[in-house]
Every structure is written in C-alpha cells, then in structure tokens.
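Data from work04.cif: mmCIF, C-alpha atoms and all ligand atoms
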data_data
#
loop_
_atom_site.label_atom_id
_atom_site.label_comp_id
_atom_site.auth_asym_id
_atom_site.auth_seq_id
_atom_site.Cartn_x
_atom_site.Cartn_y
_atom_site.Cartn_z
CA MET A 1 -155.69 -46.04 -20.93
CA ASP A 2 -152.60 -43.78 -21.16
CA PRO A 3 -153.11 -40.07 -20.67
CA GLU A 4 -152.98 -37.68 -23.63
CA PHE A 5 -149.55 -36.57 -22.45
CA VAL A 6 -148.06 -40.01 -23.06
CA PHE A 7 -149.72 -40.21 -26.46
CA GLU A 8 -148.15 -36.84 -27.23
CA LEU A 9 -144.69 -38.12 -26.29
CA ARG A 10 -145.17 -41.10 -28.60
CA THR A 11 -146.19 -38.82 -31.46
CA CYS A 12 -143.11 -36.64 -30.86
CA ARG A 13 -140.82 -39.66 -30.79
CA TRP A 14 -142.38 -41.10 -33.94
CA ALA A 15 -142.07 -37.73 -35.75
CA GLU A 16 -138.42 -37.42 -34.71
CA ARG A 17 -137.61 -40.82 -36.19
CA SER A 18 -139.99 -41.14 -39.11
CA TRP A 19 -141.23 -37.80 -40.37
CA PRO A 20 -142.72 -37.38 -42.95
CA PRO A 21 -145.08 -40.38 -43.25
CA ALA A 22 -143.71 -41.36 -46.68
CA GLY A 23 -140.13 -40.16 -46.85
CA THR A 24 -137.22 -38.94 -44.84
CA GLN A 25 -136.59 -35.43 -43.68
CA ASP A 26 -134.35 -33.89 -41.07
CA VAL A 27 -136.53 -32.42 -38.36
CA VAL A 28 -136.51 -30.69 -35.02
CA VAL A 29 -139.52 -31.71 -32.92
CA ALA A 30 -140.99 -29.74 -30.04
CA ARG A 31 -144.18 -29.87 -28.01
CA GLN A 32 -146.59 -27.30 -26.64
CA LEU A 33 -145.44 -24.41 -28.80
CA GLY A 34 -147.15 -21.74 -30.83
CA THR A 35 -148.34 -18.19 -30.40
CA LYS A 36 -149.94 -16.27 -27.56
CA ARG A 37 -153.36 -17.31 -28.81
CA ARG A 38 -152.70 -20.85 -30.00
CA ARG A 39 -150.46 -23.61 -28.70
CA TRP A 40 -149.90 -26.73 -30.76
CA ASP A 41 -149.30 -30.10 -29.12
CA THR A 42 -146.49 -31.18 -31.43
CA VAL A 43 -144.48 -28.96 -33.75
CA VAL A 44 -142.31 -30.52 -36.44
CA VAL A 45 -139.80 -28.12 -37.98
CA GLU A 46 -138.43 -29.52 -41.23
CA VAL A 47 -134.88 -28.25 -41.54
CA ASP A 48 -131.95 -27.94 -43.89
CA ALA A 49 -129.40 -29.85 -41.82
CA ASP A 50 -126.36 -27.93 -43.13
CA ALA A 51 -128.02 -24.62 -42.34
CA LEU A 52 -129.06 -25.99 -38.95
CA ALA A 53 -125.43 -26.77 -38.23
CA ARG A 54 -124.57 -23.14 -39.00
CA ARG A 55 -127.41 -22.01 -36.76
CA GLY A 56 -125.48 -23.79 -33.99
CA ARG A 57 -122.89 -20.96 -34.00
CA PHE A 58 -125.48 -18.76 -32.31
CA GLY A 59 -125.63 -21.12 -29.33
CA ARG A 60 -128.25 -23.49 -27.95
CA ARG A 61 -130.53 -20.78 -26.62
CA ARG A 62 -133.24 -19.36 -28.80
CA LEU A 63 -132.96 -15.97 -30.47
CA ASP A 64 -136.04 -13.91 -29.64
CA SER A 65 -137.58 -11.49 -32.13
CA ASP A 66 -135.36 -8.58 -31.02
CA LEU A 67 -132.15 -10.61 -31.32
CA LEU A 68 -133.27 -11.97 -34.67
CA HIS A 69 -133.85 -8.41 -35.92
CA VAL A 70 -130.33 -7.40 -34.94
CA VAL A 71 -128.31 -10.45 -36.02
CA ARG A 72 -130.15 -10.89 -39.31
CA ASN A 73 -129.60 -7.26 -40.30
CA ALA A 74 -126.12 -6.75 -38.89
CA PRO A 75 -123.69 -5.51 -41.58
CA ALA A 76 -120.55 -7.31 -42.75
CA GLU A 77 -118.45 -4.17 -42.01
CA TRP A 78 -118.35 -1.99 -38.89
CA SER A 79 -121.23 0.50 -38.92
CA TRP A 80 -123.11 2.77 -36.57
CA TYR A 81 -126.03 0.62 -35.50
CA GLN A 82 -128.66 3.18 -36.51
CA ASP A 83 -127.25 3.30 -40.05
CA ALA A 84 -127.01 -0.46 -40.29
CA LEU A 85 -130.36 -1.62 -38.94
CA PRO A 86 -133.83 -0.98 -40.36
CA ASP A 87 -136.16 1.22 -38.34
CA PRO A 88 -137.16 -1.03 -35.42
CA GLY A 89 -140.55 0.61 -34.93
CA CYS A 90 -139.67 1.29 -31.28
CA PRO A 91 -137.21 3.66 -29.52
CA TRP A 92 -133.57 2.97 -30.43
CA ARG A 93 -132.63 2.52 -26.80
CA TYR A 94 -134.38 -0.87 -26.90
CA VAL A 95 -132.22 -1.82 -29.85
CA ARG A 96 -129.11 -0.80 -27.90
CA GLU A 97 -130.18 -3.14 -25.09
CA THR A 98 -130.59 -5.95 -27.61
CA ILE A 99 -127.15 -5.22 -29.08
CA HIS A 100 -125.61 -5.54 -25.61
CA ARG A 101 -127.45 -8.83 -25.08
CA ALA A 102 -126.12 -10.10 -28.39
CA ASP A 103 -122.64 -8.98 -27.36
CA ASP A 104 -122.96 -10.85 -24.04
CA ARG A 105 -123.89 -13.97 -25.97
CA ASP A 106 -120.94 -13.54 -28.35
CA ILE A 107 -123.11 -13.55 -31.45
CA LEU A 108 -122.37 -9.99 -32.62
CA ASP A 109 -119.25 -7.83 -32.83
CA VAL A 110 -119.79 -4.61 -30.90
CA ARG A 111 -117.47 -1.65 -30.26
CA LYS A 112 -117.62 2.01 -29.28
CA GLN A 113 -116.10 4.60 -31.68
CA GLY A 114 -116.18 7.90 -29.85
CA ASN A 115 -119.75 8.15 -28.70
CA ARG A 116 -121.07 5.87 -31.34
CA LEU A 117 -121.98 2.23 -30.90
CA GLN A 118 -120.88 0.21 -33.89
CA ILE A 119 -121.79 -3.32 -34.82
CA ARG A 120 -120.56 -5.94 -37.23
CA ARG A 121 -121.94 -9.31 -38.16
CA ARG A 122 -120.11 -12.22 -36.59
CA TYR A 123 -121.96 -14.94 -38.47
CA ARG A 124 -124.60 -14.86 -41.16
CA TYR A 125 -127.88 -16.14 -39.75
CA PRO A 126 -128.72 -19.18 -41.91
CA ASP A 127 -131.98 -20.07 -43.58
CA TRP A 128 -132.43 -23.31 -41.65
CA VAL A 129 -136.24 -23.62 -41.46
CA GLU A 130 -137.90 -25.27 -44.44
CA ARG A 131 -141.43 -26.07 -43.27
CA ILE A 132 -143.38 -26.04 -40.04
CA VAL A 133 -145.95 -28.72 -39.35
CA ALA A 134 -148.46 -28.51 -36.51
CA ILE A 135 -149.94 -31.67 -35.00
CA GLU A 136 -152.87 -31.75 -32.62
CA ASN A 137 -152.92 -34.94 -30.53
CA LYS A 138 -156.33 -36.45 -29.88
CA PRO A 139 -155.89 -40.09 -28.91
CA ASP A 140 -159.64 -40.68 -28.67
CA LEU A 141 -161.01 -38.99 -31.72
CA ASP A 142 -164.72 -39.69 -31.75
CA ALA A 143 -167.28 -37.54 -33.54
CA SER A 144 -167.82 -35.20 -30.59
CA ALA A 145 -164.03 -34.70 -30.08
CA ALA A 146 -163.75 -34.01 -33.82
CA ARG A 147 -166.54 -31.44 -33.62
CA ALA A 148 -164.84 -29.77 -30.68
CA LEU A 149 -161.55 -29.64 -32.56
CA ARG A 150 -163.00 -28.35 -35.80
CA GLY A 151 -163.10 -24.67 -34.80
CA GLN A 152 -159.45 -24.71 -33.77
CA LEU A 153 -158.33 -26.39 -36.97
CA GLU A 154 -160.36 -23.97 -39.07
CA ARG A 155 -158.58 -21.14 -37.32
CA ASP A 156 -155.21 -22.78 -38.04
CA VAL A 157 -156.10 -23.19 -41.70
CA ALA A 158 -157.37 -19.61 -42.05
CA LEU A 159 -154.25 -18.15 -40.45
CA SER A 160 -151.93 -20.60 -42.24
CA LEU A 161 -148.97 -20.05 -39.99
CA ALA A 162 -147.96 -23.70 -40.30
CA ASP A 163 -147.39 -25.32 -43.69
CA GLU A 164 -149.51 -28.29 -42.69
CA VAL A 165 -151.96 -29.04 -39.92
CA TRP A 166 -152.56 -32.62 -38.71
CA VAL A 167 -154.55 -34.43 -36.10
CA ALA A 168 -152.90 -37.52 -34.61
CA THR A 169 -155.19 -40.13 -33.11
CA ARG A 170 -154.77 -43.58 -31.61
CA SER A 171 -155.06 -46.37 -34.12
CA THR A 172 -158.09 -48.57 -33.44
CA GLY A 173 -157.36 -51.08 -36.18
CA ASN A 174 -160.50 -49.87 -37.96
CA GLN A 175 -160.72 -47.33 -40.73
CA VAL A 176 -161.34 -43.77 -39.67
CA GLU A 177 -165.09 -43.29 -39.99
CA PRO A 178 -166.12 -41.22 -43.03
CA ALA A 179 -168.53 -39.31 -40.77
CA LEU A 180 -165.59 -38.35 -38.59
CA LEU A 181 -163.60 -37.15 -41.60
CA GLU A 182 -166.53 -34.94 -42.49
CA GLU A 183 -166.24 -33.19 -39.16
CA MET A 184 -162.72 -32.07 -40.02
CA PRO A 185 -161.69 -29.29 -42.39
CA VAL A 186 -160.48 -31.00 -45.59
CA GLU A 187 -157.16 -29.13 -45.31
CA ALA A 188 -156.21 -30.94 -42.09
CA GLY A 189 -154.46 -34.32 -42.29
CA ILE A 190 -155.21 -37.28 -40.02
CA LEU A 191 -152.55 -39.64 -38.70
CA THR A 192 -153.33 -42.83 -36.82
CA VAL A 193 -150.59 -43.68 -34.34
CA ASP A 194 -149.99 -47.15 -33.01
CA GLY A 195 -147.12 -47.32 -30.51
CA GLY A 196 -144.04 -46.38 -32.50
CA ASP A 197 -145.73 -46.38 -35.90
CA ALA A 198 -148.15 -44.12 -37.73
CA GLU A 199 -150.28 -44.24 -40.85
CA VAL A 200 -151.96 -41.53 -42.85
CA ALA A 201 -155.75 -41.70 -42.88
CA TRP A 202 -156.12 -38.38 -44.69
CA TYR A 203 -153.44 -36.24 -46.35
CA PRO A 204 -153.47 -32.51 -45.55
CA ARG A 205 -153.40 -29.69 -48.01
CA SER A 206 -150.29 -27.46 -47.98
CA LEU A 207 -151.21 -24.03 -46.65
CA ASP A 208 -150.04 -20.75 -48.13
CA VAL A 209 -147.69 -19.50 -45.46
CA ASP A 210 -146.29 -16.62 -47.53
CA SER A 211 -149.58 -14.83 -48.20
CA PRO A 212 -151.49 -12.85 -45.62
CA GLY A 213 -153.55 -15.03 -43.32
CA THR A 214 -156.84 -14.46 -41.56
CA ARG A 215 -157.03 -14.43 -37.80
CA ILE A 216 -160.54 -15.34 -36.71
CA LEU A 217 -161.35 -13.36 -33.60
CA GLU A 218 -164.88 -14.47 -33.08
CA ARG A 219 -167.14 -16.94 -34.81
CA PRO A 220 -170.78 -17.79 -34.67
CA ASP A 221 -171.46 -20.52 -32.10
CA GLY A 222 -170.63 -23.95 -33.40
CA GLY A 223 -170.89 -22.72 -36.98
CA LYS A 224 -168.36 -23.55 -39.66
CA TYR A 225 -165.89 -20.85 -40.54
CA ASP A 226 -167.68 -18.25 -42.60
CA GLN A 227 -166.01 -14.93 -43.36
CA SER A 228 -169.32 -13.11 -43.54
CA ALA A 229 -170.31 -14.21 -40.04
CA ALA A 230 -166.97 -14.20 -38.21
CA ARG A 231 -165.02 -11.24 -36.91
CA PHE A 232 -161.49 -11.48 -38.25
CA GLU A 233 -158.35 -9.54 -39.07
CA TYR A 234 -155.70 -9.96 -41.74
CA VAL A 235 -152.19 -10.93 -40.73
CA PRO A 236 -149.54 -9.78 -43.22
CA GLY A 237 -147.23 -12.40 -44.72
CA GLU A 238 -144.23 -10.62 -43.21
CA GLU A 239 -145.65 -10.89 -39.70
CA LYS A 240 -146.29 -14.59 -40.29
CA ARG A 241 -142.71 -15.16 -41.47
CA ALA A 242 -141.33 -13.47 -38.35
CA LYS A 243 -143.64 -15.51 -36.11
CA ARG A 244 -142.67 -18.76 -37.82
CA LEU A 245 -139.01 -18.10 -37.22
CA GLU A 246 -139.65 -17.33 -33.56
CA ILE A 247 -141.56 -20.61 -33.21
CA ALA A 248 -138.71 -22.49 -34.91
CA GLU A 249 -136.18 -20.84 -32.60
CA ARG A 250 -138.19 -21.93 -29.55
CA ALA A 251 -138.43 -25.45 -30.95
CA TYR A 252 -134.65 -25.45 -31.44
CA GLU A 253 -134.04 -24.46 -27.84
CA ARG A 254 -136.60 -26.69 -26.17
CA GLY A 255 -136.96 -29.84 -28.20
CA TRP A 256 -139.80 -32.09 -27.03
CA ARG A 257 -138.21 -33.55 -23.94
CA SER A 258 -138.28 -30.33 -21.98
CA TYR A 259 -141.04 -31.82 -19.78
CA THR A 260 -138.21 -33.59 -17.99
CA LYS A 261 -137.24 -30.32 -16.37
CA THR A 262 -140.47 -30.06 -14.43
CA MET A 263 -141.12 -33.71 -13.52
CA ARG A 264 -139.85 -35.42 -10.34
CA PRO A 265 -137.22 -38.02 -11.15
CA ASP A 266 -136.03 -37.53 -7.57
CA CYS A 267 -139.24 -39.24 -6.36
CA ARG A 268 -138.83 -42.89 -5.30
CA HIS A 269 -141.87 -43.84 -7.40
CA PHE A 270 -140.49 -42.37 -10.59
CA GLN A 271 -139.51 -44.94 -13.22
CA LEU A 272 -138.57 -45.00 -16.87
CA ARG A 273 -140.09 -47.65 -19.06
CA HIS A 274 -138.94 -48.62 -22.51
CA GLU A 275 -141.55 -48.77 -25.20
CA GLY A 276 -139.70 -49.70 -28.35
CA ALA A 277 -137.24 -46.88 -28.90
CA THR A 278 -139.14 -44.53 -26.62
CA MET A 279 -138.63 -44.15 -22.91
CA LEU A 280 -141.73 -43.07 -21.07
CA PRO A 281 -142.04 -41.80 -17.51
CA TYR A 282 -143.99 -44.17 -15.25
CA CYS A 283 -145.24 -43.69 -11.71
CA GLY A 284 -144.93 -46.77 -9.48
CA ALA A 285 -147.31 -45.29 -6.90
CA LYS A 286 -150.07 -44.70 -9.43
CA GLY A 287 -149.32 -47.83 -11.45
CA ARG A 288 -149.42 -45.96 -14.76
CA CYS A 289 -147.69 -43.31 -16.87
CA GLN A 290 -148.17 -40.04 -15.10
CA THR A 291 -148.64 -36.66 -16.75
CA ALA A 292 -146.07 -33.88 -16.49
CA ALA A 293 -148.64 -31.78 -14.63
CA GLU A 294 -149.30 -34.32 -11.87
CA CYS A 295 -145.63 -35.29 -11.46
CA SER A 296 -144.68 -31.94 -9.98
CA GLN A 297 -143.88 -30.15 -6.76
CA SER A 298 -147.50 -30.40 -5.67
CA CYS A 299 -147.87 -34.20 -6.02
CA SER A 300 -149.22 -35.49 -2.69
CA ARG A 301 -147.64 -38.93 -3.21
CA PHE A 302 -144.13 -37.66 -3.75
CA GLU A 303 -141.51 -39.44 -1.65
CA PRO A 304 -137.85 -38.54 -1.92
CA GLU A 305 -135.66 -41.09 -3.64
CA PRO A 306 -132.94 -42.56 -1.39
CA PRO A 307 -129.62 -41.13 -2.61
CA ALA A 308 -128.25 -44.64 -3.23
CA TRP A 309 -130.83 -45.10 -5.98
CA ARG A 310 -129.35 -42.60 -8.36
CA GLN A 311 -129.03 -44.99 -11.22
CA TYR A 312 -131.20 -43.60 -13.97
CA GLY A 313 -129.74 -41.66 -16.85
CA TRP A 314 -131.20 -38.20 -16.85
CA PRO A 315 -132.68 -36.29 -18.61
CA ILE A 316 -134.95 -38.95 -20.09
CA ASP A 317 -133.68 -40.41 -23.31
CA GLY A 318 -131.06 -37.80 -23.87
CA GLY A 319 -132.57 -34.43 -23.07
CA PRO A 320 -134.04 -31.77 -25.27
CA GLY A 321 -131.02 -31.07 -27.39
CA LYS A 322 -129.98 -34.63 -28.07
CA GLY A 323 -132.34 -35.15 -31.02
CA ILE A 324 -130.69 -32.25 -32.77
CA GLN A 325 -127.22 -33.52 -31.96
CA ARG A 326 -128.12 -36.93 -33.37
CA LEU A 327 -129.45 -35.30 -36.51
CA LEU A 328 -126.23 -33.38 -37.04
CA GLU A 329 -124.17 -36.45 -36.26
CA ARG A 330 -126.07 -38.45 -38.90
CA ARG A 331 -125.49 -35.63 -41.34
CA ARG A 332 -121.77 -35.63 -40.63
CA GLU A 333 -121.66 -39.41 -41.08
CA ARG A 334 -123.34 -39.07 -44.47
CA GLU A 335 -120.82 -36.49 -45.58
CA ARG A 336 -117.75 -38.25 -44.29
CA PRO A 337 -115.97 -39.76 -47.33
CA SER A 338 -115.96 -43.54 -47.29
CA PRO A 339 -112.49 -45.09 -46.72
CA HIS A 340 -112.80 -46.83 -50.11
CA SER A 341 -113.70 -43.77 -52.17
S1 LIG A 401 -145.73 -40.15 -6.88
FE1 LIG A 401 -146.09 -38.17 -7.84
S2 LIG A 401 -144.06 -37.19 -7.90
FE2 LIG A 401 -143.76 -39.39 -7.52
S3 LIG A 401 -143.45 -40.25 -9.59
FE3 LIG A 401 -145.62 -40.46 -9.08
S4 LIG A 401 -146.56 -38.64 -9.96
FE4 LIG A 401 -144.37 -38.23 -9.86
#

So that I can check it, write out the structure of this file as structure tokens.
Ligand code: SF4
Amino acid sequence: MDPEFVFELRTCRWAERSWPPAGTQDVVVARQLGTKRRRWDTVVVEVDADALARRGRFGRRRLDSDLLHVVRNAPAEWSWYQDALPDPGCPWRYVRETIHRADDRDILDVRKQGNRLQIRRRYRYPDWVERIVAIENKPDLDASAARALRGQLERDVALSLADEVWVATRSTGNQVEPALLEEMPVEAGILTVDGGDAEVAWYPRSLDVDSPGTRILERPDGGKYDQSAARFEYVPGEEKRAKRLEIAERAYERGWRSYTKTMRPDCRHFQLRHEGATMLPYCGAKGRCQTAAECSQSCSRFEPEPPAWRQYGWPIDGGPGKGIQRLLERRRERERPSPHS
C-alpha cells in the first residue's frame, strides 16, 4: 500500500484541479503548513485570482509578518516611517531593519531626508486570500485512527483559524461507517479520495474565523473537548487574521511540490510515474513510491545517477510555483476578448 506521503500528494493534486468538491474555485495548494503548534497536511487557500495577480508584484518569496506590517501600512506619500506606521509593539530599530529588507526586495520606496528615514508605498498589498481550508490526510481511517485524530480536529475547530477542516481518506468503495463519523467532531468534513477523484462523505461546518478562537492547551485524557475540563486561552480575531495571512503567504511561496527540493532525483533509482494527471516519485530500488523523508541524503541505497541519464524534467510536474502560474494563465485566457466579440 502507498505511504501516507503519496496519498497526500494525490490529495494536493486533486485539490489543485478540482477544489471545491462541488464547484470551481481558484486555489493555491500547499502541504505541511500551519502554526508553531499545529501543522496541517494539505492547505487549500481559496483566492481572488485578480488580487493574486497583483500580489505577484511583491515577488515569489513570502512576506513574513514584519514585512506584511510595513508594506500593508506604508503611506501613499513620502512620510517619516514612525509617523506612517502603527506602533509595532517592539523597538523601532527592528522596523528599520524590516524597511531595509523591503527596500532590498524592491517592494517599498525608501529614502533618507536629513537624518530621517522616509517610506512610500510602491504597491498596495491586495486582499487576495478568500478562505483557508485545512485537510488532514488519513488514508486508512478506521475507528482507532479516527479516535486518535479527534483531539486534533477539536482543537482546530475551537481555534477556528481555518474556514473549514476536513479529513481525507482513501475510498474503500463502501460507505463511511456511521460509527466512524461519530468519532469525528461534526464540524469536520470527510472526503474519500480515489486516485484522482474525491467524494464528500460528510460536509463540514464553516468556522468563524473572524471571532476570537480558543486555543486548547491541555485536555483531559481521551476526553471530548470540554471547556470546563480543559486549560485554554482565547486568541483574538486580529491575531488569527494576521496568522492566516502568514500561512497564505507561506503557501504562496512553497506550493505543494516543495518536497522536490529535498528528494534525490540524482539517484539512479529515482523515477517519475504518471498516475492520471499526477506524477509521483517512485523508487526502483524499493519497488514502490518512496516518502520524501526516506529519499534523502541519508538513504543507504542511494546510487548516483550516471550523467548521461539526465532526461527527466525537474522539478516534478512543474515545481512549486507552476500551479499558481497556470491559475493566472487560465485567468488571463478567460479575460482575453474572443476574436469574434
Ligand atoms: S534508493 Fe533512496 S535515494 Fe534512491 S530513489 Fe530510492 S529512496 Fe531515493
């Protein structure tokens, strides 16, 4: 049976082509993203494609929270930076460092007037993120896996950082057992994935991402989420909004094919196999799809590829940024006036 990693790649590919399950939406898909405390397997950022195109002016690299603070608050006219920007909540010298970073990246106008550092907005940072959807991949979702996952999903629901939380599982051809559904919080959706296709077994509830959320710090063993028994803290809506944008920025930079940067396509056993529209890494030595973790510097079966073999396109299936480029290309095609109009 394929490892969870391969299942995750299939889910990412499916989401990139077919999200949401009943409709069409422009998306940026990434994997293994989240916060310091919680990493989601697959992150689907639903986007406004026009705004995403404007986001492109800031370059392919992500804007971290400090850069976002500066570029989003930069004034339209030249101003002393301390007049223009809201109190950063840290010494101003850190803001000056960020301004110089923004200047180096050509995303902010910066000049010195006498002793004073002045800034001016180069581009308006667009509102490109519409919704964020978190998907947990569990190819073999039996009752005990569902029980193990429940705590995590309850945390996700209580914090409500993502607009929707889903579990993706391998389709077995049978209905998802009602007993298994009972193990899951009702707010979490369930997708059954079969190769390049997916069906909804349970629709999720939209979470309130604008209101304060609850971060569960500790919960009674195995118990269901219960505010009276758990230790928790409130997370203000503003903090959640900032975190969501940081996650979206990381998704924008990385895409879901970033695993290609750590795997070993220079190994003679490394192959790419087509599965429908998806290309999956395959290890000839192991006779199966390998995980990103095992196909690394430390793999004991690594053998260098003879230079004459360099025939594979790389990175796999177009690299991390290609999904976004395709999305924008489609958008341009849609907007291009037809020759007959
Ligand atoms: S032998 Fe190891 S390094 Fe080579 S393709 Fe297989 S997993 Fe990757």

Take the point (-163.0, -34.6, -37.6) as written in the file and pick out every residue within 7 Å of it, counting all atoms listed in the file; give the list as number ranges by chain.
A: 143, 146-147, 150, 180-184

With distances taken over only C-alpha atoms, which residue among A:Ala145, A:Ala162, A:Ala188, A:Ala251 lies nearest Arg60 of chain A?
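Closest to Arg60 of chain A, using only C-alpha atoms: A:Ala251.
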
Around ligand LIG 401 (chain A), with edges along x, y and z and 4 Å added on all six sides, what centre and edge lengths do you get, in Å to one decimal, as JSON?
{"center_x": -145.0, "center_y": -38.8, "center_z": -8.4, "size_x": 11.1, "size_y": 11.3, "size_z": 11.1}

Nearby residues, ligand LIG 401 (chain A), 10 Å, all atoms listed in the file, as an MDAnalysis selection string
chainID A and resid 263:272 281:305

Pull C-alpha atoms from the residues just selected and write them as a short mmCIF file (atom, residue, chain, number, x, y, z; two decimals), in the coordinates of the input.
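For reference, again-v9.cif as written:
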data_model
loop_
_atom_site.label_atom_id
_atom_site.label_comp_id
_atom_site.auth_asym_id
_atom_site.auth_seq_id
_atom_site.Cartn_x
_atom_site.Cartn_y
_atom_site.Cartn_z
CA MET A 263 -141.12 -33.71 -13.52
CA ARG A 264 -139.85 -35.42 -10.34
CA PRO A 265 -137.22 -38.02 -11.15
CA ASP A 266 -136.03 -37.53 -7.57
CA CYS A 267 -139.24 -39.24 -6.36
CA ARG A 268 -138.83 -42.89 -5.30
CA HIS A 269 -141.87 -43.84 -7.40
CA PHE A 270 -140.49 -42.37 -10.59
CA GLN A 271 -139.51 -44.94 -13.22
CA LEU A 272 -138.57 -45.00 -16.87
CA PRO A 281 -142.04 -41.80 -17.51
CA TYR A 282 -143.99 -44.17 -15.25
CA CYS A 283 -145.24 -43.69 -11.71
CA GLY A 284 -144.93 -46.77 -9.48
CA ALA A 285 -147.31 -45.29 -6.90
CA LYS A 286 -150.07 -44.70 -9.43
CA GLY A 287 -149.32 -47.83 -11.45
CA ARG A 288 -149.42 -45.96 -14.76
CA CYS A 289 -147.69 -43.31 -16.87
CA GLN A 290 -148.17 -40.04 -15.10
CA THR A 291 -148.64 -36.66 -16.75
CA ALA A 292 -146.07 -33.88 -16.49
CA ALA A 293 -148.64 -31.78 -14.63
CA GLU A 294 -149.30 -34.32 -11.87
CA CYS A 295 -145.63 -35.29 -11.46
CA SER A 296 -144.68 -31.94 -9.98
CA GLN A 297 -143.88 -30.15 -6.76
CA SER A 298 -147.50 -30.40 -5.67
CA CYS A 299 -147.87 -34.20 -6.02
CA SER A 300 -149.22 -35.49 -2.69
CA ARG A 301 -147.64 -38.93 -3.21
CA PHE A 302 -144.13 -37.66 -3.75
CA GLU A 303 -141.51 -39.44 -1.65
CA PRO A 304 -137.85 -38.54 -1.92
CA GLU A 305 -135.66 -41.09 -3.64
#

Figure out the distance between atom CA of Pro204 of chain A and atom CA of Glu4 of chain A, please, to one decimal in Å.
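Value for the atom CA of Glu4 of chain A-atom CA of Pro204 of chain A distance: 22.5 Å.
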
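Separating atom CA of Asn174 of chain A from atom CA of Leu149 of chain A is a distance of 21.0 Å.
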
Work out how far atom CA of Ala158 of chain A is from atom CA of Trp14 of chain A, in Å to one decimal.
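Rounded to one decimal, the two atoms are 27.4 Å apart.
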
Closest contacts (segment 30-103 of chain A/segment 235-240 of chain A, max 12 Å, only C-alpha atoms) as CSV:
residue,atom,partner,partner_atom,distance
A:Gly34,CA,A:Lys240,CA,11.9
A:Thr35,CA,A:Lys240,CA,10.7
A:Ser65,CA,A:Glu239,CA,11.1

Could you save the residues just selected, with C-alpha atoms, as an mmCIF file, in the frame of the given file?
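Generated output (selection-v3.cif):
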data_model
loop_
_atom_site.group_PDB
_atom_site.id
_atom_site.type_symbol
_atom_site.label_atom_id
_atom_site.label_comp_id
_atom_site.auth_asym_id
_atom_site.auth_seq_id
_atom_site.Cartn_x
_atom_site.Cartn_y
_atom_site.Cartn_z
ATOM 1 C CA GLY A 34 -147.150 -21.740 -30.830
ATOM 2 C CA THR A 35 -148.340 -18.190 -30.400
ATOM 3 C CA SER A 65 -137.580 -11.490 -32.130
#

Calculated over all atoms listed in the file, which of the candidates A:Leu245, A:Ser79, A:Ala168, A:Arg54 has the smallest distance to Gln113 of chain A?
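Nearest candidate to Gln113 of chain A out of A:Leu245, A:Ser79, A:Ala168, A:Arg54: A:Ser79.
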
Residue nearest Arg111 of chain A - candidates A:Trp80, A:Ala242, A:Asn137, A:Arg17, atoms counted: all atoms listed in the file
A:Trp80

Polymer residues at most 10 Å from Ser160 of chain A, only C-alpha atoms, same-chain spacing of 6 or more positions, as a list in words
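Neighbouring residues, sequence-local ones excluded: Glu154, Ser206, Leu207, Asp208, Val209, Asp210, Ser211, Pro212, Gly213, Thr214, Arg215, Val235, Gly237 and Lys240 of chain A.
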
Could you tell me which of A:Arg61, A:Arg231, A:Arg116, A:Arg13 comes closest to Val193 of chain A if we count all atoms listed in the file?
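Checking each of A:Arg61, A:Arg231, A:Arg116, A:Arg13 against Val193 of chain A, counting all atoms listed in the file, the winner is A:Arg13.
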
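The residue that comes closest to Thr169 of chain A, out of A:Thr24, A:Gln82, A:Thr192, A:Gln152 and on the basis of all atoms listed in the file, is A:Thr192.
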
Give the answer as one residue: which of A:Leu153, A:Ala148, A:Ile216, A:Leu108 has the shortest atom-to-atom distance to Arg57 of chain A, using all atoms listed in the file?
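Using all atoms listed in the file, the shortest distance to Arg57 of chain A belongs to A:Leu108.
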
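Residue neighbourhood of Arg121 of chain A, excluding near-sequence residues (fewer than 4 positions): Val71, Ala74, Pro75, Ala76, Glu77, Leu108 and Asp109 of chain A, at 8 Å, using all atoms listed in the file.
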